[in-house]
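Structure data (mmCIF, N, CA and C atoms) from start.cif:
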data_model
#
loop_
_atom_site.label_atom_id
_atom_site.label_comp_id
_atom_site.auth_asym_id
_atom_site.auth_seq_id
_atom_site.Cartn_x
_atom_site.Cartn_y
_atom_site.Cartn_z
N MET L 8 17.62 10.49 -9.12
CA MET L 8 16.78 9.35 -8.82
C MET L 8 16.90 9.04 -7.33
N ASN L 9 15.78 8.79 -6.67
CA ASN L 9 15.77 8.55 -5.23
C ASN L 9 15.48 7.10 -4.85
N ILE L 10 15.65 6.19 -5.76
CA ILE L 10 15.39 4.78 -5.46
C ILE L 10 16.57 4.23 -4.65
N VAL L 11 16.28 3.68 -3.48
CA VAL L 11 17.32 3.10 -2.64
C VAL L 11 17.60 1.67 -3.08
N ALA L 12 16.55 0.93 -3.39
CA ALA L 12 16.68 -0.46 -3.85
C ALA L 12 15.36 -0.87 -4.49
N ALA L 13 15.44 -1.86 -5.33
CA ALA L 13 14.24 -2.47 -5.92
C ALA L 13 14.21 -3.93 -5.47
N VAL L 14 13.03 -4.50 -5.47
CA VAL L 14 12.88 -5.91 -5.11
C VAL L 14 12.22 -6.61 -6.29
N ALA L 15 12.80 -7.72 -6.69
CA ALA L 15 12.26 -8.48 -7.81
C ALA L 15 10.95 -9.16 -7.42
N GLN L 16 10.09 -9.36 -8.41
CA GLN L 16 8.84 -10.09 -8.20
C GLN L 16 9.15 -11.52 -7.78
N ASP L 17 8.37 -12.03 -6.84
CA ASP L 17 8.53 -13.42 -6.44
C ASP L 17 7.19 -14.14 -6.56
N TYR L 18 7.27 -15.44 -6.51
CA TYR L 18 6.08 -16.28 -6.60
C TYR L 18 5.87 -16.96 -5.25
N MET L 19 4.80 -16.58 -4.57
CA MET L 19 4.52 -17.08 -3.22
C MET L 19 4.40 -18.60 -3.21
N CYS L 20 4.80 -19.19 -2.08
CA CYS L 20 4.80 -20.65 -1.96
C CYS L 20 3.87 -21.19 -0.89
N GLU L 21 2.95 -20.36 -0.39
CA GLU L 21 1.98 -20.87 0.56
C GLU L 21 1.11 -21.92 -0.14
N PRO L 22 0.65 -22.93 0.61
CA PRO L 22 -0.16 -23.99 -0.01
C PRO L 22 -1.36 -23.47 -0.80
N PHE L 23 -2.03 -22.44 -0.31
CA PHE L 23 -3.20 -21.93 -1.05
C PHE L 23 -2.79 -21.38 -2.41
N MET L 24 -1.60 -20.79 -2.50
CA MET L 24 -1.14 -20.23 -3.77
C MET L 24 -0.73 -21.35 -4.73
N LEU L 25 -0.05 -22.36 -4.21
CA LEU L 25 0.30 -23.51 -5.05
C LEU L 25 -0.97 -24.17 -5.59
N GLY L 26 -2.01 -24.20 -4.77
CA GLY L 26 -3.29 -24.74 -5.22
C GLY L 26 -3.89 -23.94 -6.36
N LYS L 27 -3.69 -22.63 -6.32
CA LYS L 27 -4.22 -21.77 -7.40
C LYS L 27 -3.45 -21.95 -8.70
N THR L 28 -2.13 -22.08 -8.60
CA THR L 28 -1.33 -22.16 -9.83
C THR L 28 -1.19 -23.58 -10.34
N GLY L 29 -1.36 -24.56 -9.45
CA GLY L 29 -1.15 -25.95 -9.84
C GLY L 29 0.32 -26.30 -10.00
N LEU L 30 1.19 -25.41 -9.52
CA LEU L 30 2.63 -25.62 -9.63
C LEU L 30 3.20 -26.04 -8.28
N THR L 31 4.47 -26.39 -8.27
CA THR L 31 5.15 -26.83 -7.06
C THR L 31 5.99 -25.69 -6.47
N VAL L 32 6.48 -25.91 -5.26
CA VAL L 32 7.41 -24.95 -4.65
C VAL L 32 8.61 -24.77 -5.58
N ALA L 33 9.15 -25.86 -6.10
CA ALA L 33 10.30 -25.78 -7.01
C ALA L 33 9.98 -24.94 -8.25
N ASP L 34 8.78 -25.09 -8.79
CA ASP L 34 8.37 -24.27 -9.94
C ASP L 34 8.34 -22.79 -9.56
N HIS L 35 7.77 -22.48 -8.42
CA HIS L 35 7.69 -21.08 -7.98
C HIS L 35 9.08 -20.51 -7.71
N GLN L 36 9.97 -21.33 -7.19
CA GLN L 36 11.35 -20.88 -6.99
C GLN L 36 12.02 -20.58 -8.33
N ARG L 37 11.83 -21.45 -9.29
CA ARG L 37 12.41 -21.24 -10.62
C ARG L 37 11.86 -19.97 -11.25
N LEU L 38 10.55 -19.77 -11.16
CA LEU L 38 9.93 -18.57 -11.73
C LEU L 38 10.42 -17.31 -11.03
N THR L 39 10.63 -17.38 -9.72
CA THR L 39 11.14 -16.24 -8.97
C THR L 39 12.53 -15.85 -9.47
N ILE L 40 13.39 -16.84 -9.70
CA ILE L 40 14.73 -16.55 -10.22
C ILE L 40 14.65 -16.02 -11.64
N GLU L 41 13.76 -16.57 -12.45
CA GLU L 41 13.60 -16.06 -13.82
C GLU L 41 13.18 -14.60 -13.82
N ARG L 42 12.28 -14.21 -12.92
CA ARG L 42 11.86 -12.80 -12.84
C ARG L 42 13.00 -11.91 -12.38
N TYR L 43 13.81 -12.38 -11.45
CA TYR L 43 14.97 -11.62 -10.98
C TYR L 43 15.94 -11.40 -12.14
N ASP L 44 16.25 -12.46 -12.87
CA ASP L 44 17.16 -12.34 -14.01
C ASP L 44 16.60 -11.41 -15.07
N ALA L 45 15.31 -11.51 -15.35
CA ALA L 45 14.69 -10.65 -16.37
C ALA L 45 14.74 -9.19 -15.94
N LEU L 46 14.50 -8.92 -14.67
CA LEU L 46 14.55 -7.54 -14.18
C LEU L 46 15.96 -6.98 -14.29
N LEU L 47 16.96 -7.76 -13.90
CA LEU L 47 18.35 -7.29 -14.03
C LEU L 47 18.70 -7.01 -15.48
N THR L 48 18.28 -7.87 -16.38
CA THR L 48 18.55 -7.68 -17.81
C THR L 48 17.92 -6.39 -18.31
N GLU L 49 16.67 -6.16 -17.94
CA GLU L 49 15.98 -4.95 -18.39
C GLU L 49 16.60 -3.69 -17.79
N LEU L 50 16.96 -3.73 -16.53
CA LEU L 50 17.60 -2.57 -15.91
C LEU L 50 18.97 -2.30 -16.52
N ASP L 51 19.71 -3.35 -16.83
CA ASP L 51 21.00 -3.16 -17.52
C ASP L 51 20.78 -2.48 -18.87
N ARG L 52 19.74 -2.89 -19.57
CA ARG L 52 19.44 -2.28 -20.86
C ARG L 52 19.07 -0.81 -20.68
N LEU L 53 18.21 -0.53 -19.72
CA LEU L 53 17.75 0.85 -19.50
C LEU L 53 18.86 1.78 -19.03
N PHE L 54 19.77 1.26 -18.22
CA PHE L 54 20.81 2.10 -17.63
C PHE L 54 22.19 1.84 -18.22
N GLY L 55 22.24 1.23 -19.38
CA GLY L 55 23.53 1.00 -20.04
C GLY L 55 24.50 0.19 -19.21
N GLY L 56 23.98 -0.80 -18.49
CA GLY L 56 24.84 -1.66 -17.68
C GLY L 56 25.26 -1.07 -16.35
N GLN L 57 24.74 0.10 -16.01
CA GLN L 57 25.11 0.79 -14.77
C GLN L 57 23.87 1.13 -13.94
N CYS L 58 23.13 0.14 -13.53
CA CYS L 58 21.92 0.38 -12.73
C CYS L 58 22.33 1.13 -11.46
N PRO L 59 21.71 2.27 -11.16
CA PRO L 59 22.13 3.10 -10.03
C PRO L 59 21.61 2.64 -8.66
N PHE L 60 20.96 1.51 -8.59
CA PHE L 60 20.44 1.02 -7.31
C PHE L 60 20.51 -0.50 -7.31
N PRO L 61 20.63 -1.11 -6.13
CA PRO L 61 20.65 -2.57 -6.06
C PRO L 61 19.26 -3.16 -6.26
N VAL L 62 19.25 -4.38 -6.75
CA VAL L 62 18.00 -5.12 -6.90
C VAL L 62 18.09 -6.33 -5.98
N MET L 63 17.14 -6.40 -5.06
CA MET L 63 17.13 -7.50 -4.09
C MET L 63 16.42 -8.72 -4.66
N PRO L 64 17.08 -9.87 -4.63
CA PRO L 64 16.38 -11.11 -4.97
C PRO L 64 15.52 -11.53 -3.78
N VAL L 65 14.58 -12.41 -4.02
CA VAL L 65 13.71 -12.91 -2.95
C VAL L 65 13.88 -14.42 -2.84
N LEU L 66 14.10 -14.87 -1.61
CA LEU L 66 14.14 -16.31 -1.34
C LEU L 66 12.72 -16.77 -1.09
N GLN L 67 12.34 -17.86 -1.72
CA GLN L 67 11.00 -18.38 -1.57
C GLN L 67 11.04 -19.82 -1.09
N GLY L 68 9.96 -20.21 -0.45
CA GLY L 68 9.81 -21.57 0.02
C GLY L 68 8.67 -21.63 1.01
N TYR L 69 8.55 -22.75 1.66
CA TYR L 69 7.58 -22.87 2.74
C TYR L 69 8.25 -23.53 3.95
N ALA L 70 8.87 -24.68 3.74
CA ALA L 70 9.66 -25.31 4.80
C ALA L 70 11.05 -24.68 4.82
N PRO L 71 11.72 -24.67 5.98
CA PRO L 71 13.08 -24.12 6.02
C PRO L 71 14.00 -24.72 4.96
N SER L 72 13.88 -26.01 4.69
CA SER L 72 14.75 -26.64 3.68
C SER L 72 14.48 -26.08 2.28
N ASP L 73 13.27 -25.60 2.02
CA ASP L 73 12.96 -24.98 0.72
C ASP L 73 13.82 -23.73 0.52
N TYR L 74 13.96 -22.92 1.57
CA TYR L 74 14.73 -21.69 1.46
C TYR L 74 16.21 -21.99 1.23
N VAL L 75 16.72 -23.03 1.90
CA VAL L 75 18.11 -23.43 1.70
C VAL L 75 18.31 -23.86 0.25
N ARG L 76 17.38 -24.65 -0.27
CA ARG L 76 17.47 -25.08 -1.67
C ARG L 76 17.45 -23.87 -2.60
N HIS L 77 16.61 -22.88 -2.29
CA HIS L 77 16.51 -21.71 -3.16
C HIS L 77 17.82 -20.92 -3.17
N ILE L 78 18.48 -20.83 -2.01
CA ILE L 78 19.80 -20.18 -1.97
C ILE L 78 20.73 -20.87 -2.96
N HIS L 79 20.75 -22.19 -2.95
CA HIS L 79 21.62 -22.93 -3.86
C HIS L 79 21.22 -22.72 -5.32
N LEU L 80 19.93 -22.63 -5.59
CA LEU L 80 19.48 -22.41 -6.97
C LEU L 80 19.91 -21.04 -7.50
N TYR L 81 19.95 -20.04 -6.64
CA TYR L 81 20.42 -18.71 -7.07
C TYR L 81 21.89 -18.76 -7.44
N GLY L 82 22.64 -19.65 -6.83
CA GLY L 82 24.05 -19.79 -7.16
C GLY L 82 24.84 -18.52 -6.92
N ASP L 83 25.71 -18.19 -7.87
CA ASP L 83 26.60 -17.03 -7.69
C ASP L 83 25.90 -15.69 -7.90
N ARG L 84 24.60 -15.71 -8.14
CA ARG L 84 23.85 -14.45 -8.18
C ARG L 84 23.86 -13.79 -6.79
N LEU L 85 23.89 -14.62 -5.75
CA LEU L 85 23.89 -14.12 -4.38
C LEU L 85 25.33 -13.87 -3.95
N LYS L 86 25.58 -12.66 -3.51
CA LYS L 86 26.92 -12.25 -3.09
C LYS L 86 26.97 -12.11 -1.57
N PRO L 87 28.15 -12.32 -0.97
CA PRO L 87 28.27 -12.13 0.48
C PRO L 87 27.81 -10.73 0.89
N GLY L 88 27.03 -10.67 1.95
CA GLY L 88 26.55 -9.39 2.47
C GLY L 88 25.37 -8.79 1.72
N MET L 89 24.93 -9.45 0.68
CA MET L 89 23.83 -8.95 -0.15
C MET L 89 22.51 -9.05 0.62
N TRP L 90 21.69 -8.03 0.51
CA TRP L 90 20.36 -8.08 1.10
C TRP L 90 19.46 -8.93 0.22
N VAL L 91 18.59 -9.70 0.84
CA VAL L 91 17.60 -10.50 0.12
C VAL L 91 16.26 -10.37 0.83
N GLY L 92 15.19 -10.52 0.07
CA GLY L 92 13.88 -10.62 0.66
C GLY L 92 13.61 -12.07 1.03
N VAL L 93 12.75 -12.28 2.00
CA VAL L 93 12.35 -13.63 2.38
C VAL L 93 10.84 -13.70 2.22
N GLY L 94 10.40 -14.47 1.25
CA GLY L 94 8.99 -14.52 0.92
C GLY L 94 8.23 -15.61 1.65
N SER L 95 6.92 -15.51 1.56
CA SER L 95 5.97 -16.48 2.11
C SER L 95 6.06 -16.60 3.63
N VAL L 96 6.31 -15.47 4.30
CA VAL L 96 6.31 -15.48 5.77
C VAL L 96 5.23 -14.58 6.36
N CYS L 97 4.62 -13.72 5.56
CA CYS L 97 3.70 -12.72 6.12
C CYS L 97 2.49 -13.34 6.80
N LYS L 98 2.02 -14.45 6.34
CA LYS L 98 0.83 -15.06 6.93
C LYS L 98 1.18 -15.91 8.16
N ARG L 99 2.45 -15.94 8.54
CA ARG L 99 2.88 -16.72 9.71
C ARG L 99 3.09 -15.83 10.93
N ASN L 100 2.73 -14.56 10.84
CA ASN L 100 3.03 -13.64 11.93
C ASN L 100 2.25 -13.93 13.21
N GLY L 101 1.28 -14.79 13.16
CA GLY L 101 0.56 -15.17 14.38
C GLY L 101 1.38 -16.08 15.27
N ASP L 102 2.44 -16.67 14.72
CA ASP L 102 3.30 -17.58 15.48
C ASP L 102 4.75 -17.27 15.11
N PRO L 103 5.38 -16.32 15.83
CA PRO L 103 6.75 -15.91 15.48
C PRO L 103 7.75 -17.06 15.42
N SER L 104 7.52 -18.14 16.16
CA SER L 104 8.47 -19.26 16.12
C SER L 104 8.53 -19.87 14.73
N ARG L 105 7.45 -19.79 13.97
CA ARG L 105 7.44 -20.32 12.60
C ARG L 105 8.36 -19.51 11.70
N ILE L 106 8.45 -18.20 11.95
CA ILE L 106 9.33 -17.34 11.16
C ILE L 106 10.78 -17.59 11.55
N VAL L 107 11.03 -17.77 12.84
CA VAL L 107 12.40 -18.05 13.30
C VAL L 107 12.92 -19.33 12.65
N GLU L 108 12.07 -20.33 12.46
CA GLU L 108 12.49 -21.57 11.81
C GLU L 108 13.06 -21.30 10.43
N VAL L 109 12.44 -20.37 9.72
CA VAL L 109 12.89 -20.03 8.36
C VAL L 109 14.21 -19.31 8.45
#

Rendering of file as structure tokens:
Amino acid sequence: MNIVAAVAQDYMCEPFMLGKTGLTVADHQRLTIERYDALLTELDRLFGGQCPFPVMPVLQGYAPSDYVRHIHLYGDRLKPGMWVGVGSVCKRNGDPSRIVEV
């Protein structure tokens, strides 16, 4: 198998996406963690508890404080030195200072 890492599905938190789902940033953060947990459970089942590649969780939010809250919501799922994805930043690339804030 040549998979280096997998990334769990996340729920974007840009205002236009929240408008489409009718949910809040907190709801999207909860759903993102639920998808991460579900993926880990399924991979454990498929690989007998020995998944041969890491699965990256994704931090979601819109304001910097949202991302901090999401770190806390993940709890001990996040380990020191673990790679994570950072979601809802791709549409901010026109202003790099907005990404630095996150």

Could you give me, as a list in words, each residue of chain L that DSSP assigns to strand (DSSP E) when run on this structure's backbone?
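Going through chain L, the strand (DSSP E) residues come out as Ala13, Val14, Val62, Met63, Val65, Leu66, Gly92 and Val93 of chain L.
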
Could you write those residues out with N, CA and C atoms, as an mmCIF file, keeping the file's coordinate frame?
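Saved file selection21.cif follows:
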data_model
loop_
_atom_site.group_PDB
_atom_site.id
_atom_site.type_symbol
_atom_site.label_atom_id
_atom_site.label_comp_id
_atom_site.auth_asym_id
_atom_site.auth_seq_id
_atom_site.Cartn_x
_atom_site.Cartn_y
_atom_site.Cartn_z
ATOM 1 N N ALA L 13 15.440 -1.860 -5.330
ATOM 2 C CA ALA L 13 14.240 -2.470 -5.920
ATOM 3 C C ALA L 13 14.210 -3.930 -5.470
ATOM 4 N N VAL L 14 13.030 -4.500 -5.470
ATOM 5 C CA VAL L 14 12.880 -5.910 -5.110
ATOM 6 C C VAL L 14 12.220 -6.610 -6.290
ATOM 7 N N VAL L 62 19.250 -4.380 -6.750
ATOM 8 C CA VAL L 62 18.000 -5.120 -6.900
ATOM 9 C C VAL L 62 18.090 -6.330 -5.980
ATOM 10 N N MET L 63 17.140 -6.400 -5.060
ATOM 11 C CA MET L 63 17.130 -7.500 -4.090
ATOM 12 C C MET L 63 16.420 -8.720 -4.660
ATOM 13 N N VAL L 65 14.580 -12.410 -4.020
ATOM 14 C CA VAL L 65 13.710 -12.910 -2.950
ATOM 15 C C VAL L 65 13.880 -14.420 -2.840
ATOM 16 N N LEU L 66 14.100 -14.870 -1.610
ATOM 17 C CA LEU L 66 14.140 -16.310 -1.340
ATOM 18 C C LEU L 66 12.720 -16.770 -1.090
ATOM 19 N N GLY L 92 15.190 -10.520 0.070
ATOM 20 C CA GLY L 92 13.880 -10.620 0.660
ATOM 21 C C GLY L 92 13.610 -12.070 1.030
ATOM 22 N N VAL L 93 12.750 -12.280 2.000
ATOM 23 C CA VAL L 93 12.350 -13.630 2.380
ATOM 24 C C VAL L 93 10.840 -13.700 2.220
#

Fewer than 5 positions away in the same chain doesn't count, so skip those; otherwise give me all residues within 7 Å of L:Phe60, counting only C-alpha atoms, as a PyMOL selection string.
chain L and resi 10-12

Enumerate the residues of stretch 16-103 of chain L with a DSSP assignment of alpha helix (DSSP H), computed from the backbone, and present them as a ChimeraX atom specification.
/L:22-28,32-53,71-81,103

Output file for the selection above: N, CA and C atoms, as a short mmCIF file (atom, residue, chain, number, x, y, z; two decimals), in the coordinates of the input:
data_model
loop_
_atom_site.label_atom_id
_atom_site.label_comp_id
_atom_site.auth_asym_id
_atom_site.auth_seq_id
_atom_site.Cartn_x
_atom_site.Cartn_y
_atom_site.Cartn_z
N PRO L 22 0.65 -22.93 0.61
CA PRO L 22 -0.16 -23.99 -0.01
C PRO L 22 -1.36 -23.47 -0.80
N PHE L 23 -2.03 -22.44 -0.31
CA PHE L 23 -3.20 -21.93 -1.05
C PHE L 23 -2.79 -21.38 -2.41
N MET L 24 -1.60 -20.79 -2.50
CA MET L 24 -1.14 -20.23 -3.77
C MET L 24 -0.73 -21.35 -4.73
N LEU L 25 -0.05 -22.36 -4.21
CA LEU L 25 0.30 -23.51 -5.05
C LEU L 25 -0.97 -24.17 -5.59
N GLY L 26 -2.01 -24.20 -4.77
CA GLY L 26 -3.29 -24.74 -5.22
C GLY L 26 -3.89 -23.94 -6.36
N LYS L 27 -3.69 -22.63 -6.32
CA LYS L 27 -4.22 -21.77 -7.40
C LYS L 27 -3.45 -21.95 -8.70
N THR L 28 -2.13 -22.08 -8.60
CA THR L 28 -1.33 -22.16 -9.83
C THR L 28 -1.19 -23.58 -10.34
N VAL L 32 6.48 -25.91 -5.26
CA VAL L 32 7.41 -24.95 -4.65
C VAL L 32 8.61 -24.77 -5.58
N ALA L 33 9.15 -25.86 -6.10
CA ALA L 33 10.30 -25.78 -7.01
C ALA L 33 9.98 -24.94 -8.25
N ASP L 34 8.78 -25.09 -8.79
CA ASP L 34 8.37 -24.27 -9.94
C ASP L 34 8.34 -22.79 -9.56
N HIS L 35 7.77 -22.48 -8.42
CA HIS L 35 7.69 -21.08 -7.98
C HIS L 35 9.08 -20.51 -7.71
N GLN L 36 9.97 -21.33 -7.19
CA GLN L 36 11.35 -20.88 -6.99
C GLN L 36 12.02 -20.58 -8.33
N ARG L 37 11.83 -21.45 -9.29
CA ARG L 37 12.41 -21.24 -10.62
C ARG L 37 11.86 -19.97 -11.25
N LEU L 38 10.55 -19.77 -11.16
CA LEU L 38 9.93 -18.57 -11.73
C LEU L 38 10.42 -17.31 -11.03
N THR L 39 10.63 -17.38 -9.72
CA THR L 39 11.14 -16.24 -8.97
C THR L 39 12.53 -15.85 -9.47
N ILE L 40 13.39 -16.84 -9.70
CA ILE L 40 14.73 -16.55 -10.22
C ILE L 40 14.65 -16.02 -11.64
N GLU L 41 13.76 -16.57 -12.45
CA GLU L 41 13.60 -16.06 -13.82
C GLU L 41 13.18 -14.60 -13.82
N ARG L 42 12.28 -14.21 -12.92
CA ARG L 42 11.86 -12.80 -12.84
C ARG L 42 13.00 -11.91 -12.38
N TYR L 43 13.81 -12.38 -11.45
CA TYR L 43 14.97 -11.62 -10.98
C TYR L 43 15.94 -11.40 -12.14
N ASP L 44 16.25 -12.46 -12.87
CA ASP L 44 17.16 -12.34 -14.01
C ASP L 44 16.60 -11.41 -15.07
N ALA L 45 15.31 -11.51 -15.35
CA ALA L 45 14.69 -10.65 -16.37
C ALA L 45 14.74 -9.19 -15.94
N LEU L 46 14.50 -8.92 -14.67
CA LEU L 46 14.55 -7.54 -14.18
C LEU L 46 15.96 -6.98 -14.29
N LEU L 47 16.96 -7.76 -13.90
CA LEU L 47 18.35 -7.29 -14.03
C LEU L 47 18.70 -7.01 -15.48
N THR L 48 18.28 -7.87 -16.38
CA THR L 48 18.55 -7.68 -17.81
C THR L 48 17.92 -6.39 -18.31
N GLU L 49 16.67 -6.16 -17.94
CA GLU L 49 15.98 -4.95 -18.39
C GLU L 49 16.60 -3.69 -17.79
N LEU L 50 16.96 -3.73 -16.53
CA LEU L 50 17.60 -2.57 -15.91
C LEU L 50 18.97 -2.30 -16.52
N ASP L 51 19.71 -3.35 -16.83
CA ASP L 51 21.00 -3.16 -17.52
C ASP L 51 20.78 -2.48 -18.87
N ARG L 52 19.74 -2.89 -19.57
CA ARG L 52 19.44 -2.28 -20.86
C ARG L 52 19.07 -0.81 -20.68
N LEU L 53 18.21 -0.53 -19.72
CA LEU L 53 17.75 0.85 -19.50
C LEU L 53 18.86 1.78 -19.03
N PRO L 71 11.72 -24.67 5.98
CA PRO L 71 13.08 -24.12 6.02
C PRO L 71 14.00 -24.72 4.96
N SER L 72 13.88 -26.01 4.69
CA SER L 72 14.75 -26.64 3.68
C SER L 72 14.48 -26.08 2.28
N ASP L 73 13.27 -25.60 2.02
CA ASP L 73 12.96 -24.98 0.72
C ASP L 73 13.82 -23.73 0.52
N TYR L 74 13.96 -22.92 1.57
CA TYR L 74 14.73 -21.69 1.46
C TYR L 74 16.21 -21.99 1.23
N VAL L 75 16.72 -23.03 1.90
CA VAL L 75 18.11 -23.43 1.70
C VAL L 75 18.31 -23.86 0.25
N ARG L 76 17.38 -24.65 -0.27
CA ARG L 76 17.47 -25.08 -1.67
C ARG L 76 17.45 -23.87 -2.60
N HIS L 77 16.61 -22.88 -2.29
CA HIS L 77 16.51 -21.71 -3.16
C HIS L 77 17.82 -20.92 -3.17
N ILE L 78 18.48 -20.83 -2.01
CA ILE L 78 19.80 -20.18 -1.97
C ILE L 78 20.73 -20.87 -2.96
N HIS L 79 20.75 -22.19 -2.95
CA HIS L 79 21.62 -22.93 -3.86
C HIS L 79 21.22 -22.72 -5.32
N LEU L 80 19.93 -22.63 -5.59
CA LEU L 80 19.48 -22.41 -6.97
C LEU L 80 19.91 -21.04 -7.50
N TYR L 81 19.95 -20.04 -6.64
CA TYR L 81 20.42 -18.71 -7.07
C TYR L 81 21.89 -18.76 -7.44
N PRO L 103 5.38 -16.32 15.83
CA PRO L 103 6.75 -15.91 15.48
C PRO L 103 7.75 -17.06 15.42
#

Find the residues near L:Ala70: any atom within 8 Å, counting only N, CA and C atoms, skip ones fewer than 4 places away on the same chain, and give them as a ChimeraX atom specification.
/L:20,74-75,108-109

In Å to one decimal, how far is atom CA of L:Gln36 from atom CA of L:Val65?
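Between atom CA of L:Val65 and atom CA of L:Gln36 the gap works out to 9.2 Å.
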
Residue nearest L:Pro61 - candidates L:Val14, L:Gly26, L:Thr39, L:Asp44, atoms counted: all atoms listed in the file
L:Val14

Which residues come within 7 Å of L:Pro64, counting all atoms listed in the file, excluding same-chain residues fewer than 2 positions away, as a VMD selection string?
chain L and resid 13 to 15 43 62 66 90 to 93

Mind pulling up the distance from atom N of L:Leu53 to atom C of L:Ala33?
28.2 Å

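Separating atom CA of L:Arg42 from atom CA of L:Tyr81 is a distance of 11.9 Å.
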